file data16.cif (mmCIF, C-alpha atoms)
data_protein
loop_
_atom_site.label_atom_id
_atom_site.label_comp_id
_atom_site.auth_asym_id
_atom_site.auth_seq_id
_atom_site.Cartn_x
_atom_site.Cartn_y
_atom_site.Cartn_z
CA MET H 1095 81.69 109.85 170.94
CA THR H 1096 79.09 107.94 172.95
CA HIS H 1097 80.01 104.66 174.57
CA GLU H 1098 76.64 102.95 174.99
CA ALA H 1099 77.91 99.51 173.90
CA PHE H 1100 80.79 99.82 176.39
CA LYS H 1101 78.43 100.84 179.20
CA PHE H 1102 76.11 97.93 178.44
CA ALA H 1103 79.05 95.50 178.47
CA GLU H 1104 80.18 96.93 181.81
CA LYS H 1105 76.69 96.53 183.29
CA GLU H 1106 76.52 92.94 182.09
CA GLY H 1107 80.01 92.29 183.47
CA TRP H 1108 79.21 93.59 186.94
CA ASP H 1109 75.85 91.80 187.01
CA ALA H 1110 77.78 88.58 186.43
CA ARG H 1111 80.31 89.39 189.18
CA ALA H 1112 77.97 90.50 191.97
CA ALA H 1113 77.91 87.16 193.81
CA ALA H 1114 81.70 86.82 193.79
CA TYR H 1115 82.65 90.51 194.05
CA ASN H 1116 83.75 90.43 197.68
CA ASP H 1117 85.92 87.36 197.05
CA PHE H 1118 87.81 88.97 194.16
CA THR H 1119 87.46 92.73 193.43
CA GLY H 1120 86.43 93.63 196.96
CA ARG H 1121 89.58 92.06 198.45
CA VAL H 1122 91.51 94.96 196.94
CA THR H 1123 89.10 97.88 196.59
CA THR H 1124 87.91 97.72 200.21
CA GLY H 1125 91.39 98.88 201.25
CA ALA H 1126 90.71 102.39 199.91
CA ILE H 1127 87.40 102.92 201.73
CA PRO H 1128 88.85 104.31 205.00
CA THR H 1129 90.79 106.94 203.03
CA LEU H 1130 87.69 107.94 201.04
CA LEU H 1131 85.49 108.26 204.11
CA ALA H 1132 88.13 110.32 205.91
CA MET H 1133 88.46 112.59 202.87
CA ALA H 1134 84.67 112.98 202.76
CA GLU H 1135 84.82 114.27 206.37
CA LEU H 1136 81.93 112.09 207.46
CA ALA H 1137 80.24 112.78 210.78
CA PRO H 1138 77.08 111.45 212.40
CA GLY H 1139 73.96 112.66 210.63
CA LYS H 1140 75.65 113.67 207.37
CA ARG H 1141 74.04 112.48 204.16
CA ILE H 1142 76.38 110.55 201.88
CA LEU H 1143 75.88 109.09 198.41
CA ASP H 1144 78.03 106.13 197.32
CA LEU H 1145 78.21 106.10 193.51
CA CYS H 1146 79.08 102.87 191.66
CA CYS H 1147 78.50 101.32 195.08
CA GLY H 1148 79.05 97.67 194.15
CA THR H 1149 78.20 95.45 197.09
CA GLY H 1150 77.78 98.48 199.35
CA ARG H 1151 80.81 98.26 201.60
CA ALA H 1152 81.58 102.00 201.55
CA ALA H 1153 77.97 102.90 202.32
CA GLY H 1154 77.94 100.26 205.04
CA ALA H 1155 81.08 101.72 206.61
CA ALA H 1156 79.50 105.18 206.45
CA ILE H 1157 76.45 103.86 208.30
CA ALA H 1158 78.76 102.44 210.98
CA LEU H 1159 80.19 105.96 211.40
CA GLY H 1160 76.71 107.37 212.01
CA ALA H 1161 76.09 108.82 208.56
CA ASP H 1162 72.88 108.52 206.53
CA ALA H 1163 74.06 106.58 203.48
CA GLU H 1164 72.60 105.79 200.08
CA GLY H 1165 74.16 103.85 197.22
CA ILE H 1166 73.65 103.74 193.46
CA ASP H 1167 74.96 101.19 190.97
CA ILE H 1168 74.14 100.47 187.34
CA SER H 1169 74.04 96.74 188.14
CA ALA H 1170 70.77 95.56 189.67
CA SER H 1171 72.56 92.45 190.95
CA MET H 1172 75.07 94.61 192.83
CA VAL H 1173 72.26 96.71 194.33
CA LYS H 1174 70.49 93.56 195.52
CA ALA H 1175 73.68 92.26 197.13
CA ALA H 1176 74.37 95.62 198.79
CA GLN H 1177 70.85 95.95 200.21
CA SER H 1178 71.04 92.44 201.62
CA ALA H 1179 74.41 93.07 203.25
CA PHE H 1180 73.64 96.57 204.61
CA PRO H 1181 69.90 96.94 205.26
CA ALA H 1182 70.40 100.19 207.19
CA ALA H 1183 71.49 101.96 203.99
CA ARG H 1184 69.33 102.53 200.91
CA PHE H 1185 70.41 101.29 197.48
CA VAL H 1186 68.90 101.89 194.04
CA THR H 1187 69.79 100.97 190.48
CA GLY H 1188 70.93 104.02 188.53
CA ASP H 1189 73.49 105.62 186.24
CA ALA H 1190 76.28 107.69 187.78
CA GLU H 1191 76.13 109.91 184.69
CA ALA H 1192 72.45 110.70 185.35
CA ILE H 1193 72.10 110.47 189.14
CA PRO H 1194 68.44 109.92 190.11
CA LYS H 1195 68.60 112.35 193.04
CA ASN H 1196 67.55 115.94 193.66
CA ASP H 1197 69.83 118.97 193.50
CA ALA H 1198 71.87 119.83 196.63
CA ASP H 1199 70.73 116.67 198.41
CA PHE H 1200 73.98 115.39 199.94
CA ASP H 1201 76.78 116.50 202.26
CA ALA H 1202 79.26 114.13 200.59
CA VAL H 1203 79.52 111.93 197.53
CA ILE H 1204 82.07 109.14 197.17
CA CYS H 1205 82.95 106.92 194.24
CA SER H 1206 85.22 103.95 194.87
CA PHE H 1207 86.94 102.93 191.60
CA GLY H 1208 83.97 103.74 189.39
CA ILE H 1209 85.73 106.19 187.04
CA MET H 1210 87.29 103.50 184.82
CA HIS H 1211 83.86 102.01 184.14
CA LEU H 1212 82.06 105.17 182.97
CA GLY H 1213 81.41 106.39 179.47
CA SER H 1214 82.07 109.99 180.57
CA PRO H 1215 83.70 110.74 183.95
CA GLU H 1216 83.26 114.46 183.23
CA THR H 1217 79.49 113.97 183.09
CA MET H 1218 79.59 112.20 186.45
CA PHE H 1219 81.60 115.05 187.98
CA ASN H 1220 78.95 117.54 186.83
CA GLU H 1221 76.23 115.32 188.28
CA ILE H 1222 78.09 115.04 191.59
CA ALA H 1223 78.33 118.82 191.77
CA ARG H 1224 74.58 119.03 191.12
CA VAL H 1225 73.54 116.66 193.94
CA LEU H 1226 76.04 118.05 196.47
CA LYS H 1227 75.17 120.90 198.80
CA PRO H 1228 77.39 123.99 198.43
CA GLY H 1229 80.52 123.26 200.43
CA GLY H 1230 79.89 119.50 200.20
CA ARG H 1231 82.77 117.14 199.50
CA VAL H 1232 83.47 114.61 196.79
CA ALA H 1233 85.96 111.80 197.42
CA LEU H 1234 87.09 109.52 194.59
CA SER H 1235 89.48 106.62 194.15
CA HIS H 1236 90.93 105.65 190.78
CA TRP H 1237 93.63 103.26 189.63
CA ILE H 1238 97.04 104.57 188.65
CA GLY H 1239 97.88 103.35 185.18
CA PRO H 1240 100.97 101.88 183.55
CA PRO H 1241 103.89 102.13 183.74
CA GLN H 1242 103.61 103.15 187.43
CA SER H 1243 101.22 100.30 188.20
CA PRO H 1244 102.95 96.91 187.87
CA LEU H 1245 99.63 95.08 187.61
CA PHE H 1246 98.19 97.22 184.84
CA ARG H 1247 101.53 97.44 183.06
CA ILE H 1248 101.51 93.66 182.75
CA VAL H 1249 97.80 93.13 182.14
CA PHE H 1250 96.91 95.96 179.79
CA GLY H 1251 100.33 96.15 178.17
CA THR H 1252 100.01 92.51 177.14
CA MET H 1253 96.45 92.89 175.92
CA GLN H 1254 97.30 95.97 173.88
CA SER H 1255 100.06 94.08 172.10
CA LEU H 1256 98.36 90.68 171.65
CA ALA H 1257 94.57 91.11 171.75
CA ASP H 1258 92.35 91.85 168.75
CA MET H 1259 90.91 95.19 169.83
CA SER H 1260 88.76 95.54 166.69
CA VAL H 1261 86.15 93.22 168.23
CA VAL H 1262 85.86 95.26 171.45
CA PRO H 1263 83.27 98.06 171.94
CA ALA H 1264 84.69 101.57 171.63
CA SER H 1265 85.54 102.83 175.10
CA PRO H 1266 87.10 105.86 176.81
CA PRO H 1267 90.79 105.56 177.75
CA PRO H 1268 90.91 103.68 181.08
CA PHE H 1269 93.69 105.76 182.63
CA ALA H 1270 92.88 109.23 181.31
CA LEU H 1271 92.35 110.50 184.88
CA SER H 1272 95.15 108.52 186.50
CA SER H 1273 97.24 111.56 187.42
CA GLU H 1274 96.55 114.06 190.17
CA ASP H 1275 96.89 116.99 187.74
CA THR H 1276 94.29 115.62 185.34
CA MET H 1277 91.90 114.74 188.16
CA ARG H 1278 92.25 118.26 189.57
CA GLU H 1279 91.63 119.80 186.15
CA LYS H 1280 88.45 117.80 185.53
CA LEU H 1281 87.05 118.45 189.00
CA GLU H 1282 87.77 122.17 188.79
CA ALA H 1283 86.01 122.27 185.41
CA ALA H 1284 82.92 120.86 187.18
CA GLY H 1285 83.01 123.66 189.78
CA PHE H 1286 85.07 122.06 192.55
CA ARG H 1287 87.86 123.71 194.53
CA GLU H 1288 90.32 122.88 197.36
CA PHE H 1289 91.57 119.76 195.60
CA SER H 1290 93.86 117.39 197.47
CA SER H 1291 94.98 113.82 196.89
CA ALA H 1292 96.87 110.88 198.32
CA ARG H 1293 98.32 107.62 197.02
CA VAL H 1294 96.86 104.33 198.30
CA PRO H 1295 99.31 101.37 198.03
CA LEU H 1296 96.97 98.48 197.18
CA VAL H 1297 98.06 94.97 196.19
CA PHE H 1298 96.38 92.35 193.98
CA LYS H 1299 96.79 88.78 195.26
CA ALA H 1300 96.11 85.49 193.48
CA PRO H 1301 97.25 81.89 193.96
CA LYS H 1302 100.15 80.73 191.79
CA GLY H 1303 98.84 79.39 188.50
CA GLN H 1304 95.43 81.04 188.92
CA PHE H 1305 96.16 84.65 188.04
CA ALA H 1306 94.04 84.69 184.86
CA LYS H 1307 91.02 83.21 186.63
CA HIS H 1308 91.25 85.67 189.50
CA PHE H 1309 91.85 88.69 187.30
CA ARG H 1310 88.92 87.85 185.01
CA ASN H 1311 86.69 87.69 188.07
CA PHE H 1312 88.26 90.90 189.40
CA ALA H 1313 88.00 93.23 186.40
CA ALA H 1314 84.90 93.65 184.27
CA ARG H 1315 86.62 96.09 181.92
CA ALA H 1316 89.43 93.66 181.08
CA ALA H 1317 86.89 90.86 180.68
CA VAL H 1318 85.08 92.92 178.03
CA ILE H 1319 88.30 92.57 175.99
CA LEU H 1320 89.20 89.01 176.94
CA ASP H 1321 85.71 87.62 176.33
CA LYS H 1322 86.00 88.61 172.65
CA GLN H 1323 89.32 86.85 172.01
CA ASN H 1324 89.76 83.39 170.49
CA GLU H 1325 91.40 80.58 172.45
CA ASP H 1326 94.79 80.88 170.73
CA VAL H 1327 95.03 84.57 171.57
CA LEU H 1328 93.94 83.94 175.17
CA LYS H 1329 96.62 81.27 175.61
CA GLU H 1330 99.24 83.70 174.31
CA ILE H 1331 98.05 86.44 176.68
CA TYR H 1332 97.98 84.12 179.70
CA PHE H 1333 101.44 82.73 178.93
CA SER H 1334 102.84 86.27 178.72
CA TRP H 1335 101.16 87.19 182.01
CA ASP H 1336 102.59 84.15 183.80
CA THR H 1337 106.09 84.89 182.47
CA GLN H 1338 106.02 88.51 183.63
CA LEU H 1339 104.43 87.71 186.99
CA LYS H 1340 107.24 85.46 188.19
CA ASP H 1341 108.93 88.44 189.84
CA PHE H 1342 105.85 88.93 192.02
CA LEU H 1343 105.57 85.45 193.48
CA ASP H 1344 105.64 85.33 197.28
CA GLY H 1345 105.67 81.63 198.11
CA GLU H 1346 102.60 80.17 196.39
CA GLU H 1347 100.84 83.51 195.85
CA TYR H 1348 101.25 86.45 193.48
CA HIS H 1349 101.46 89.84 195.23
CA VAL H 1350 101.24 92.48 192.49
CA PRO H 1351 101.15 96.19 193.41
CA MET H 1352 98.27 98.18 191.92
CA PRO H 1353 98.48 101.66 193.50
CA ALA H 1354 95.57 104.07 193.44
CA ILE H 1355 94.85 107.77 193.74
CA ALA H 1356 92.37 109.01 196.30
CA ALA H 1357 91.23 112.57 195.61
CA THR H 1358 88.87 115.03 197.25
CA ALA H 1359 87.49 118.48 196.47
CA VAL H 1360 84.79 120.84 197.68
CA ARG H 1361 81.78 121.99 195.68
CA GLY H 1362 81.87 125.76 195.20
CA ALA H 1363 79.03 127.97 196.35
#
call {"tool": "encode", "arguments": {"input": "data16.cif", "output": "structure tokens"}}
result
Amino acid sequence: MTHEAFKFAEKEGWDARAAAYNDFTGRVTTGAIPTLLAMAELAPGKRILDLCCGTGRAAGAAIALGADAEGIDISASMVKAAQSAFPAARFVTGDAEAIPKNDADFDAVICSFGIMHLGSPETMFNEIARVLKPGGRVALSHWIGPPQSPLFRIVFGTMQSLADMSVVPASPPPFALSSEDTMREKLEAAGFREFSSARVPLVFKAPKGQFAKHFRNFAARAAVILDKQNEDVLKEIYFSWDTQLKDFLDGEEYHVPMPAIAATAVRGA
């Protein structure tokens, strides 16, 4: 099954979030960048490609470590924001499932939380193998799904039970690669070896009473679902969220764990 409508909705969603990305999504995802860059074994002079680069923070950090960094994102608005923030790196608009780069071009490829937003992660893994030099490293971060993730257990569990999913574009399962074993299997199928992984304990924060607003700005994939719901359904979803989130209030702010996997592997010869 192709997921062109889903991919288009994702692109539109991230275009709309580019200006506010660092204030919402980036407050959480930036926490995994040091782990990814360490896994990629960056060193001065190495060429690194940042796939699904968003506002370019991973590529910018790679530049600060002396690497030669490039970034690709399907959202032209994200690419514009990244180039403005990190002029020493190079950013282009492109599809992670059809990377517009030559074979064996890079020493390392990273992808920070892009897997959930792709039509076919397996296609991206094959493309990463193609653009990596033999012995080059891939480093990926991906959200752990429910029930292990309190945030996604509440958010997606509620939407699955209350939302009208018939009006949402067909999409791949969001957490199909949320286990180390599955990630290893898919990477090995694309020709990678020497797999290793680590857990990254990230936390989503939002002011009391503003969880829905913050999460809708945070997550384009969830917004694809929520944007299609009528007001009565949205009120029911938001009420359920607020009820379940009470256990995660810390003063006047929600602190909801949303752990991630960081994984790395080496391209075979």
call {"tool": "resolve_selection", "arguments": {"input": "data16.cif", "expression": "the PyMOL selection byres ((chain H and resi 1179) around 9)", "output": "ChimeraX atom specification"}}
result
/H:1149-1151,1154,1174-1178,1180-1181
call {"tool": "closest_residue", "arguments": {"input": "data16.cif", "among": "H:Phe1100, H:Phe1200, H:Phe1286, H:Phe1309", "to": "H:Tyr1115", "atoms": "all atoms listed in the file"}}
result
H:Phe1309
call {"tool": "residues_around", "arguments": {"input": "data16.cif", "residues": "H:Pro1351", "least_positions_apart": "3", "cutoff": "12 Å", "atoms": "only C-alpha atoms", "output": "PDB file with C-alpha atoms, in the frame of the given file"}}
result
ATOM      1  CA  VAL H1122      91.510  94.960 196.940  1.00  0.00           C
ATOM      2  CA  TRP H1237      93.630 103.260 189.630  1.00  0.00           C
ATOM      3  CA  ILE H1238      97.040 104.570 188.650  1.00  0.00           C
ATOM      4  CA  GLY H1239      97.880 103.350 185.180  1.00  0.00           C
ATOM      5  CA  PRO H1240     100.970 101.880 183.550  1.00  0.00           C
ATOM      6  CA  PRO H1241     103.890 102.130 183.740  1.00  0.00           C
ATOM      7  CA  GLN H1242     103.610 103.150 187.430  1.00  0.00           C
ATOM      8  CA  SER H1243     101.220 100.300 188.200  1.00  0.00           C
ATOM      9  CA  PRO H1244     102.950  96.910 187.870  1.00  0.00           C
ATOM     10  CA  LEU H1245      99.630  95.080 187.610  1.00  0.00           C
ATOM     11  CA  PHE H1246      98.190  97.220 184.840  1.00  0.00           C
ATOM     12  CA  ARG H1247     101.530  97.440 183.060  1.00  0.00           C
ATOM     13  CA  ILE H1248     101.510  93.660 182.750  1.00  0.00           C
ATOM     14  CA  VAL H1294      96.860 104.330 198.300  1.00  0.00           C
ATOM     15  CA  PRO H1295      99.310 101.370 198.030  1.00  0.00           C
ATOM     16  CA  LEU H1296      96.970  98.480 197.180  1.00  0.00           C
ATOM     17  CA  VAL H1297      98.060  94.970 196.190  1.00  0.00           C
ATOM     18  CA  PHE H1298      96.380  92.350 193.980  1.00  0.00           C
ATOM     19  CA  LYS H1299      96.790  88.780 195.260  1.00  0.00           C
ATOM     20  CA  ALA H1300      96.110  85.490 193.480  1.00  0.00           C
ATOM     21  CA  LEU H1339     104.430  87.710 186.990  1.00  0.00           C
ATOM     22  CA  ASP H1341     108.930  88.440 189.840  1.00  0.00           C
ATOM     23  CA  PHE H1342     105.850  88.930 192.020  1.00  0.00           C
ATOM     24  CA  LEU H1343     105.570  85.450 193.480  1.00  0.00           C
ATOM     25  CA  TYR H1348     101.250  86.450 193.480  1.00  0.00           C
ATOM     26  CA  ALA H1354      95.570 104.070 193.440  1.00  0.00           C
TER      27      ALA H1354
END
call {"tool": "atom_distance", "arguments": {"input": "data16.cif", "atom1": "atom CA of H:Phe1207", "atom2": "atom CA of H:Ser1235"}}
result
5.2 Å
call {"tool": "atom_distance", "arguments": {"input": "data16.cif", "atom1": "atom CA of H:Thr1217", "atom2": "atom CA of H:Lys1101"}}
result
13.7 Å
call {"tool": "resolve_selection", "arguments": {"input": "data16.cif", "expression": "the PyMOL selection byres ((chain H and resi 1125-1136) around 6)", "output": "list in words"}}
result
Val1122, Thr1123, Thr1124, Ala1137, Ala1152, Ala1202, Arg1231 and Ala1233 of chain H
call {"tool": "residues_around", "arguments": {"input": "data16.cif", "residues": "H:Ala1313", "least_positions_apart": "6", "cutoff": "10 Å", "atoms": "all atoms listed in the file", "output": "list in words"}}
result
Glu1104, Gly1107, Trp1108, Arg1111, Tyr1115, Phe1118, Thr1119 and His1211 of chain H
call {"tool": "atom_distance", "arguments": {"input": "data16.cif", "atom1": "atom CA of H:Asp1197", "atom2": "atom CA of H:Gly1230"}}
result
12.1 Å
call {"tool": "closest_residue", "arguments": {"input": "data16.cif", "among": "H:Ala1270, H:Ala1357, H:Ile1319, H:Ala1103", "to": "H:Pro1215", "atoms": "all atoms listed in the file"}}
result
H:Ala1270
call {"tool": "resolve_selection", "arguments": {"input": "data16.cif", "expression": "the PyMOL selection byres ((chain H and resi 1359) around 12)", "output": "ChimeraX atom specification"}}
result
/H:1130,1133-1135,1202-1204,1219,1222-1223,1226,1228-1234,1274,1277-1291,1356-1358,1360-1362
call {"tool": "closest_residue", "arguments": {"input": "data16.cif", "among": "H:Lys1140, H:Lys1227, H:Lys1195, H:Lys1302", "to": "H:Thr1337", "atoms": "only C-alpha atoms"}}
result
H:Lys1302
call {"tool": "closest_residue", "arguments": {"input": "data16.cif", "among": "H:Arg1293, H:Pro1266, H:Glu1346, H:Gln1254", "to": "H:Leu1320", "atoms": "only C-alpha atoms"}}
result
H:Gln1254
call {"tool": "decode", "arguments": {"input": "data16.cif", "residues": "stretch 1331-1343 of chain H", "atoms": "all heavy atoms", "output": "mmCIF file, in the first residue's frame"}}
result
data_model
loop_
_atom_site.group_PDB
_atom_site.id
_atom_site.type_symbol
_atom_site.label_atom_id
_atom_site.label_comp_id
_atom_site.auth_asym_id
_atom_site.auth_seq_id
_atom_site.Cartn_x
_atom_site.Cartn_y
_atom_site.Cartn_z
ATOM 1 N N ILE H 1331 -12.252 13.932 23.369
ATOM 2 C CA ILE H 1331 -10.844 13.532 23.414
ATOM 3 C C ILE H 1331 -10.082 14.384 24.429
ATOM 4 O O ILE H 1331 -9.336 13.870 25.272
ATOM 5 C CB ILE H 1331 -10.205 13.644 22.011
ATOM 6 C CG1 ILE H 1331 -10.749 12.549 21.086
ATOM 7 C CG2 ILE H 1331 -8.671 13.542 22.103
ATOM 8 C CD1 ILE H 1331 -10.345 12.722 19.637
ATOM 9 N N TYR H 1332 -10.264 15.691 24.375
ATOM 10 C CA TYR H 1332 -9.527 16.589 25.263
ATOM 11 C C TYR H 1332 -9.909 16.356 26.730
ATOM 12 O O TYR H 1332 -9.046 16.401 27.616
ATOM 13 C CB TYR H 1332 -9.792 18.049 24.889
ATOM 14 C CG TYR H 1332 -9.271 18.466 23.535
ATOM 15 C CD1 TYR H 1332 -9.705 19.660 22.949
ATOM 16 C CD2 TYR H 1332 -8.352 17.679 22.835
ATOM 17 C CE1 TYR H 1332 -9.231 20.054 21.707
ATOM 18 C CE2 TYR H 1332 -7.880 18.071 21.601
ATOM 19 C CZ TYR H 1332 -8.330 19.252 21.035
ATOM 20 O OH TYR H 1332 -7.870 19.648 19.798
ATOM 21 N N PHE H 1333 -11.180 16.108 26.986
ATOM 22 C CA PHE H 1333 -11.616 15.828 28.357
ATOM 23 C C PHE H 1333 -10.955 14.552 28.872
ATOM 24 O O PHE H 1333 -10.485 14.499 30.024
ATOM 25 C CB PHE H 1333 -13.139 15.702 28.421
ATOM 26 C CG PHE H 1333 -13.654 15.377 29.798
ATOM 27 C CD1 PHE H 1333 -13.768 16.363 30.768
ATOM 28 C CD2 PHE H 1333 -14.009 14.062 30.127
ATOM 29 C CE1 PHE H 1333 -14.235 16.057 32.053
ATOM 30 C CE2 PHE H 1333 -14.466 13.748 31.407
ATOM 31 C CZ PHE H 1333 -14.587 14.746 32.361
ATOM 32 N N SER H 1334 -10.901 13.527 28.036
ATOM 33 C CA SER H 1334 -10.258 12.275 28.428
ATOM 34 C C SER H 1334 -8.771 12.486 28.690
ATOM 35 O O SER H 1334 -8.218 11.966 29.662
ATOM 36 C CB SER H 1334 -10.460 11.216 27.346
ATOM 37 O OG SER H 1334 -9.828 10.002 27.708
ATOM 38 N N TRP H 1335 -8.109 13.269 27.825
ATOM 39 C CA TRP H 1335 -6.697 13.563 28.045
ATOM 40 C C TRP H 1335 -6.492 14.233 29.399
ATOM 41 O O TRP H 1335 -5.636 13.819 30.191
ATOM 42 C CB TRP H 1335 -6.180 14.492 26.948
ATOM 43 C CG TRP H 1335 -5.908 13.831 25.635
ATOM 44 C CD1 TRP H 1335 -5.989 12.501 25.344
ATOM 45 C CD2 TRP H 1335 -5.505 14.479 24.427
ATOM 46 N NE1 TRP H 1335 -5.670 12.283 24.033
ATOM 47 C CE2 TRP H 1335 -5.367 13.476 23.454
ATOM 48 C CE3 TRP H 1335 -5.263 15.807 24.069
ATOM 49 C CZ2 TRP H 1335 -4.983 13.773 22.138
ATOM 50 C CZ3 TRP H 1335 -4.881 16.100 22.769
ATOM 51 C CH2 TRP H 1335 -4.739 15.089 21.820
ATOM 52 N N ASP H 1336 -7.260 15.285 29.660
ATOM 53 C CA ASP H 1336 -7.089 16.037 30.913
ATOM 54 C C ASP H 1336 -7.319 15.150 32.136
ATOM 55 O O ASP H 1336 -6.606 15.263 33.147
ATOM 56 C CB ASP H 1336 -8.050 17.220 30.950
ATOM 57 C CG ASP H 1336 -7.650 18.342 29.992
ATOM 58 O OD1 ASP H 1336 -6.484 18.354 29.566
ATOM 59 O OD2 ASP H 1336 -8.505 19.190 29.689
ATOM 60 N N THR H 1337 -8.278 14.247 32.060
ATOM 61 C CA THR H 1337 -8.559 13.340 33.171
ATOM 62 C C THR H 1337 -7.374 12.426 33.434
ATOM 63 O O THR H 1337 -6.953 12.240 34.585
ATOM 64 C CB THR H 1337 -9.814 12.504 32.876
ATOM 65 O OG1 THR H 1337 -10.927 13.384 32.671
ATOM 66 C CG2 THR H 1337 -10.124 11.557 34.018
ATOM 67 N N GLN H 1338 -6.813 11.862 32.370
ATOM 68 C CA GLN H 1338 -5.701 10.915 32.511
ATOM 69 C C GLN H 1338 -4.387 11.604 32.868
ATOM 70 O O GLN H 1338 -3.495 10.981 33.465
ATOM 71 C CB GLN H 1338 -5.517 10.127 31.212
ATOM 72 C CG GLN H 1338 -6.706 9.256 30.838
ATOM 73 C CD GLN H 1338 -6.516 8.603 29.488
ATOM 74 O OE1 GLN H 1338 -5.753 7.653 29.345
ATOM 75 N NE2 GLN H 1338 -7.204 9.122 28.471
ATOM 76 N N LEU H 1339 -4.259 12.865 32.516
ATOM 77 C CA LEU H 1339 -2.997 13.571 32.740
ATOM 78 C C LEU H 1339 -2.827 14.096 34.158
ATOM 79 O O LEU H 1339 -1.746 14.567 34.515
ATOM 80 C CB LEU H 1339 -2.885 14.741 31.754
ATOM 81 C CG LEU H 1339 -2.569 14.363 30.308
ATOM 82 C CD1 LEU H 1339 -2.862 15.533 29.389
ATOM 83 C CD2 LEU H 1339 -1.125 13.915 30.173
ATOM 84 N N LYS H 1340 -3.850 14.010 34.971
ATOM 85 C CA LYS H 1340 -3.765 14.557 36.328
ATOM 86 C C LYS H 1340 -2.610 13.952 37.119
ATOM 87 O O LYS H 1340 -1.997 14.618 37.966
ATOM 88 C CB LYS H 1340 -5.089 14.347 37.059
ATOM 89 C CG LYS H 1340 -6.218 15.239 36.548
ATOM 90 C CD LYS H 1340 -7.536 14.943 37.249
ATOM 91 C CE LYS H 1340 -8.657 15.828 36.710
ATOM 92 N NZ LYS H 1340 -9.979 15.508 37.315
ATOM 93 N N ASP H 1341 -2.301 12.688 36.860
ATOM 94 C CA ASP H 1341 -1.209 12.023 37.576
ATOM 95 C C ASP H 1341 0.155 12.589 37.205
ATOM 96 O O ASP H 1341 1.146 12.301 37.889
ATOM 97 C CB ASP H 1341 -1.219 10.518 37.278
ATOM 98 C CG ASP H 1341 -2.404 9.809 37.909
ATOM 99 O OD1 ASP H 1341 -3.005 10.377 38.840
ATOM 100 O OD2 ASP H 1341 -2.720 8.687 37.466
ATOM 101 N N PHE H 1342 0.212 13.378 36.134
ATOM 102 C CA PHE H 1342 1.502 13.871 35.654
ATOM 103 C C PHE H 1342 1.684 15.372 35.893
ATOM 104 O O PHE H 1342 2.602 15.972 35.346
ATOM 105 C CB PHE H 1342 1.671 13.547 34.161
ATOM 106 C CG PHE H 1342 1.662 12.072 33.876
ATOM 107 C CD1 PHE H 1342 0.502 11.443 33.457
ATOM 108 C CD2 PHE H 1342 2.804 11.315 34.064
ATOM 109 C CE1 PHE H 1342 0.489 10.070 33.213
ATOM 110 C CE2 PHE H 1342 2.799 9.951 33.821
ATOM 111 C CZ PHE H 1342 1.637 9.326 33.405
ATOM 112 N N LEU H 1343 0.823 15.941 36.709
ATOM 113 C CA LEU H 1343 0.968 17.360 37.042
ATOM 114 C C LEU H 1343 2.100 17.557 38.052
ATOM 115 O O LEU H 1343 2.171 16.871 39.071
ATOM 116 C CB LEU H 1343 -0.325 17.911 37.622
ATOM 117 C CG LEU H 1343 -1.303 18.556 36.647
ATOM 118 C CD1 LEU H 1343 -2.575 18.961 37.381
ATOM 119 C CD2 LEU H 1343 -0.679 19.780 35.960
#
